[in-house]
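Coordinates as given in final-v9.cif (mmCIF, C-alpha atoms):
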data_protein
loop_
_atom_site.label_atom_id
_atom_site.label_comp_id
_atom_site.auth_asym_id
_atom_site.auth_seq_id
_atom_site.Cartn_x
_atom_site.Cartn_y
_atom_site.Cartn_z
CA MET J 1280 34.36 41.17 -15.65
CA ARG J 1281 32.27 44.03 -14.35
CA LEU J 1282 30.01 43.27 -11.43
CA ASP J 1283 26.96 44.67 -13.22
CA ALA J 1284 27.67 42.81 -16.49
CA PRO J 1285 25.45 39.83 -17.32
CA LEU J 1286 27.00 36.41 -16.96
CA LYS J 1287 28.61 34.96 -20.05
CA PRO J 1288 26.90 31.82 -21.36
CA LEU J 1289 29.69 29.56 -20.08
CA HIS J 1290 29.45 31.05 -16.60
CA LEU J 1291 25.66 30.78 -16.71
CA SER J 1292 25.94 27.09 -17.64
CA ALA J 1293 28.43 26.47 -14.86
CA ALA J 1294 26.24 28.27 -12.32
CA ALA J 1295 23.16 26.28 -13.36
CA ALA J 1296 25.13 23.01 -13.17
CA ALA J 1297 26.54 23.88 -9.74
CA GLY J 1298 23.10 24.84 -8.46
CA VAL J 1299 21.49 21.63 -9.68
CA LEU J 1300 24.34 19.49 -8.31
CA THR J 1301 24.14 21.17 -4.91
CA LEU J 1302 20.34 20.96 -4.61
CA ASP J 1303 20.34 17.39 -5.90
CA GLN J 1304 22.88 16.20 -3.35
CA LEU J 1305 21.15 18.07 -0.52
CA THR J 1306 17.75 16.54 -1.36
CA LYS J 1307 19.27 13.06 -1.66
CA TRP J 1308 21.01 13.48 1.69
CA TRP J 1309 17.68 14.55 3.20
CA ALA J 1310 15.91 11.57 1.63
CA SER J 1311 18.51 9.14 2.94
CA GLU J 1312 18.14 10.59 6.46
CA ALA J 1313 14.39 11.18 6.61
CA LEU J 1314 12.89 8.43 4.48
CA GLN J 1315 14.84 5.28 5.44
CA ASP J 1316 12.26 4.04 7.94
CA ALA J 1317 9.02 4.90 6.16
CA PRO J 1318 7.81 6.91 3.20
CA VAL J 1319 6.04 10.23 3.56
CA VAL J 1320 2.63 10.06 1.90
CA LEU J 1321 1.81 13.39 0.29
CA ILE J 1322 -1.28 12.34 -1.68
CA ASP J 1323 -2.55 8.89 -0.72
CA GLY J 1324 -2.33 6.45 -3.61
CA PHE J 1325 -0.74 9.07 -5.88
CA LEU J 1326 2.46 10.65 -4.53
CA GLU J 1327 4.94 9.57 -1.87
CA LEU J 1328 8.44 10.53 -0.90
CA ARG J 1329 10.16 7.15 -0.57
CA TYR J 1330 13.87 6.27 -0.30
CA LEU J 1331 14.96 4.01 -3.16
CA GLU J 1332 18.29 3.15 -4.76
CA ASN J 1333 18.44 2.56 -8.49
CA THR J 1334 21.47 0.60 -9.72
CA GLY J 1335 20.21 0.74 -13.29
CA ALA J 1336 19.40 3.45 -15.79
CA ALA J 1337 16.36 5.69 -15.97
CA PHE J 1338 13.10 3.92 -15.08
CA SER J 1339 15.18 1.11 -13.49
CA LEU J 1340 16.21 -0.25 -16.87
CA LEU J 1341 19.52 -2.18 -17.05
CA GLU J 1342 19.40 -3.00 -13.34
CA GLY J 1343 22.89 -3.64 -11.99
CA ALA J 1344 24.70 -1.99 -14.92
CA GLY J 1345 25.84 0.96 -12.80
CA PRO J 1346 29.51 0.95 -13.84
CA LEU J 1347 28.60 0.90 -17.54
CA ILE J 1348 26.04 3.66 -17.02
CA ALA J 1349 28.59 5.72 -15.06
CA LEU J 1350 31.08 5.45 -17.93
CA ALA J 1351 28.38 6.55 -20.38
CA ALA J 1352 27.59 9.47 -18.07
CA LEU J 1353 31.25 10.48 -18.09
CA ALA J 1354 31.21 10.53 -21.89
CA ILE J 1355 28.02 12.63 -21.90
CA ILE J 1356 29.50 15.03 -19.35
CA GLY J 1357 32.58 15.44 -21.55
CA PHE J 1358 30.42 16.15 -24.60
CA VAL J 1359 28.26 18.66 -22.71
CA MET J 1360 31.41 20.39 -21.42
CA VAL J 1361 32.55 20.91 -25.03
CA LEU J 1362 29.12 22.29 -25.94
CA MET J 1363 29.07 24.58 -22.90
CA ARG J 1364 32.33 26.19 -24.00
CA ARG J 1365 30.96 26.87 -27.50
CA ILE J 1366 27.41 27.99 -26.76
CA GLU J 1367 26.65 31.67 -27.21
CA ALA J 1368 22.93 31.85 -26.42
CA ARG J 1369 21.90 32.20 -22.79
CA PRO J 1370 18.78 29.93 -22.92
CA GLU J 1371 20.80 27.09 -24.41
CA ALA J 1372 23.50 27.72 -21.82
CA VAL J 1373 20.99 27.28 -18.99
CA ALA J 1374 19.60 24.12 -20.60
CA LEU J 1375 23.08 22.62 -20.93
CA GLY J 1376 23.79 23.56 -17.32
CA LEU J 1377 20.67 21.69 -16.20
CA VAL J 1378 21.74 18.58 -18.10
CA MET J 1379 25.31 18.85 -16.78
CA GLY J 1380 24.23 19.35 -13.17
CA GLY J 1381 21.82 16.42 -13.32
CA ALA J 1382 24.41 14.13 -14.88
CA LEU J 1383 26.96 15.13 -12.26
CA GLY J 1384 24.43 14.59 -9.47
CA ASN J 1385 23.62 11.04 -10.51
CA LEU J 1386 27.27 10.28 -11.29
CA THR J 1387 28.18 11.45 -7.78
CA ASP J 1388 25.81 8.80 -6.39
CA ARG J 1389 27.40 6.11 -8.55
CA VAL J 1390 30.94 7.11 -7.52
CA PHE J 1391 30.38 7.55 -3.78
CA GLY J 1392 27.27 5.46 -3.07
CA GLY J 1393 28.62 1.94 -3.37
CA PRO J 1394 31.36 -0.29 -2.04
CA GLY J 1395 33.43 -0.05 -5.23
CA LEU J 1396 34.20 2.52 -7.87
CA LEU J 1397 31.17 3.44 -10.03
CA ASP J 1398 28.84 0.80 -8.59
CA GLY J 1399 26.72 2.90 -6.26
CA GLY J 1400 22.98 3.22 -6.68
CA VAL J 1401 21.36 6.51 -7.55
CA VAL J 1402 19.06 7.77 -4.80
CA ASP J 1403 15.49 8.28 -6.01
CA PHE J 1404 12.72 9.50 -3.74
CA VAL J 1405 9.87 11.17 -5.65
CA ASP J 1406 7.44 8.32 -6.24
CA PHE J 1407 4.24 8.83 -8.20
CA SER J 1408 2.14 5.67 -8.14
CA PHE J 1409 1.94 5.55 -11.96
CA PHE J 1410 5.54 6.53 -12.84
CA PRO J 1411 9.02 5.29 -11.90
CA ALA J 1412 10.64 7.06 -8.94
CA PHE J 1413 13.05 9.88 -9.71
CA ASN J 1414 15.09 12.67 -8.14
CA LEU J 1415 16.02 16.31 -8.74
CA ALA J 1416 18.92 15.35 -11.06
CA ASP J 1417 16.57 13.33 -13.26
CA SER J 1418 14.17 16.27 -13.40
CA ALA J 1419 16.96 18.69 -14.34
CA ILE J 1420 18.18 16.40 -17.13
CA THR J 1421 14.65 16.02 -18.49
CA ILE J 1422 13.86 19.74 -18.31
CA GLY J 1423 17.24 20.70 -19.81
CA ALA J 1424 16.92 18.22 -22.69
CA GLY J 1425 13.33 19.29 -23.33
CA LEU J 1426 14.35 22.93 -23.34
CA LEU J 1427 17.14 22.18 -25.84
CA ILE J 1428 14.64 20.46 -28.15
CA VAL J 1429 12.18 23.36 -27.93
CA LEU J 1430 14.91 25.93 -28.51
CA ALA J 1431 16.24 24.00 -31.52
CA ALA J 1432 12.73 23.84 -33.01
CA VAL J 1433 12.06 27.55 -32.38
CA ARG J 1434 15.41 28.73 -33.72
CA LYS J 1435 15.01 26.94 -37.08
#

Would you kindly transcribe this structure into C-alpha cells?
Amino acid sequence: MRLDAPLKPLHLSAAAAAGVLTLDQLTKWWASEALQDAPVVLIDGFLELRYLENTGAAFSLLEGAGPLIALAALAIIGFVMVLMRRIEARPEAVALGLVMGGALGNLTDRVFGGPGLLDGGVVDFVDFSFFPAFNLADSAITIGAGLLIVLAAVRK
C-alpha cells in the first residue's frame, strides 16, 4: 500500500474500532480513578460525571445478565467482522468501526471487570438527570448504528 493512498474500507473500519476502543478504555479508567469518591457536577441538576457499574444491558435492563449479554456481544462482534470484510463504501466502514469499537469496549469491561469470566459490570459515567448513564462505547454504538440507518435510507 502506498503511503499517500487512502485507507481501504476494512482498514478504515479497523482504525475506527481501535480508536473507539482505546478512547473508551481510557475514559473508563479515568472515571474509575477520578469519580469513585464523588461525582463531578457539570450542570447542576442536569449533567454529572458519576462512576457507575452496569451489570445489565443498555439502560440497566436485564440487571445481572452480564454473561448472557457478553455472549450476545461476541455474536454481534463476529457478525460485524464479517460485514467489515465485505463493505466497500467508506462511510459504512466508519459506521461499522464505531459499532465494533463500542461493542469491544463494553465487552472488555465484562471480561476484565468482574471476579469471573464475562460477569464484570460495564463502567458508565456520563449521567444526565433525565436519561440512563452511559459511556463512550455506548455513544459510538448509537452513532454508528444511526449512521448505518441513515446511509441505508439515503442509498436506496

Mind dumping a table of every region 1296-1408 of chain J residue within 12 Å of region 1284-1288 of chain J, with the nearest atom pair and its distance in Å to one decimal, using all atoms listed in the file, sorted by chain and rising number, as a tab-separated table?
residue	atom	partner	partner_atom	distance
J:Leu1362	CA	J:Pro1288	CA	10.8
J:Met1363	CA	J:Pro1288	CA	7.7
J:Arg1364	CA	J:Pro1288	CA	8.3
J:Arg1365	CA	J:Pro1288	CA	8.9
J:Ile1366	CA	J:Pro1288	CA	6.6
J:Glu1367	CA	J:Pro1288	CA	5.9
J:Ala1368	CA	J:Pro1288	CA	6.4
J:Arg1369	CA	J:Pro1288	CA	5.2
J:Pro1370	CA	J:Pro1288	CA	8.5
J:Glu1371	CA	J:Pro1288	CA	8.3
J:Ala1372	CA	J:Pro1288	CA	5.3
J:Val1373	CA	J:Pro1288	CA	7.8
J:Ala1374	CA	J:Pro1288	CA	10.6
J:Leu1375	CA	J:Pro1288	CA	10.0
J:Gly1376	CA	J:Pro1288	CA	9.7

Going by the chain IDs and residue numbers used in this file, which residues fall under the PyMOL selection byres ((chain J and resi 1297) around 10)? Write them as a short mmCIF file (atom, residue, chain, number, x, y, z; two decimals) with C-alpha atoms, in the frame of the given file.
data_model
loop_
_atom_site.label_atom_id
_atom_site.label_comp_id
_atom_site.auth_asym_id
_atom_site.auth_seq_id
_atom_site.Cartn_x
_atom_site.Cartn_y
_atom_site.Cartn_z
CA LEU J 1291 25.66 30.78 -16.71
CA SER J 1292 25.94 27.09 -17.64
CA ALA J 1293 28.43 26.47 -14.86
CA ALA J 1294 26.24 28.27 -12.32
CA ALA J 1295 23.16 26.28 -13.36
CA ALA J 1296 25.13 23.01 -13.17
CA GLY J 1298 23.10 24.84 -8.46
CA VAL J 1299 21.49 21.63 -9.68
CA LEU J 1300 24.34 19.49 -8.31
CA THR J 1301 24.14 21.17 -4.91
CA LEU J 1302 20.34 20.96 -4.61
CA ASP J 1303 20.34 17.39 -5.90
CA GLY J 1376 23.79 23.56 -17.32
CA LEU J 1377 20.67 21.69 -16.20
CA MET J 1379 25.31 18.85 -16.78
CA GLY J 1380 24.23 19.35 -13.17
CA GLY J 1381 21.82 16.42 -13.32
CA LEU J 1383 26.96 15.13 -12.26
CA GLY J 1384 24.43 14.59 -9.47
#

Check your understanding: Hey, can you pull every residue with an atom no more than 12 Å from (12.2, 23.0, -24.7), using all atoms listed in the file, and send it as number ranges by chain?
Key -> J: 1370-1371, 1373-1375, 1420-1434

Exercise for review: For CA of His1290 (chain J) and CA of Phe1358 (chain J), quote the distance in Å rounded to one decimal.
Suggested key: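 Separation of CA of His1290 (chain J) and CA of Phe1358 (chain J): 16.9 Å.
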
Practice item. Could you state which residues are captured by the PyMOL selection byres ((chain J and resi 1388-1402) around 6) in this file, as a PyMOL selection string? Key: chain J and resi 1331-1334+1345-1346+1385-1387+1403

Review point. Which neighbours of region 1351-1357 of chain J fall inside 8 Å, counting all atoms listed in the file, when residues of the same chain fewer than 2 positions from it are skipped, and could you give them as a PyMOL selection string?
Key: chain J and resi 1347-1349+1359-1361+1379+1382-1383+1386

Point to revise | Shell around region 1319-1326 of chain J at 8 Å using all atoms listed in the file, local window under 5 positions removed, as a PyMOL selection string | key: chain J and resi 1314+1405-1409

Practice item. Apply the PyMOL selection byres ((chain J and resi 1310) around 10) to the file shown and report the selected residues as JSON, numbers by chain. Key: {"J": [1304, 1305, 1306, 1307, 1308, 1309, 1311, 1312, 1313, 1314, 1315, 1318, 1328, 1329, 1330, 1331, 1402, 1403, 1404, 1405, 1414]}

Practice item. Would you mind reading off the distance between CA of Ala1317 (chain J) and CA of Phe1413 (chain J), one decimal, in Å? Key: 17.1 Å

Check your understanding: Hey, can you check how far CA of Asp1316 (chain J) sits from CA of Ala1336 (chain J)?
Key -> 24.8 Å
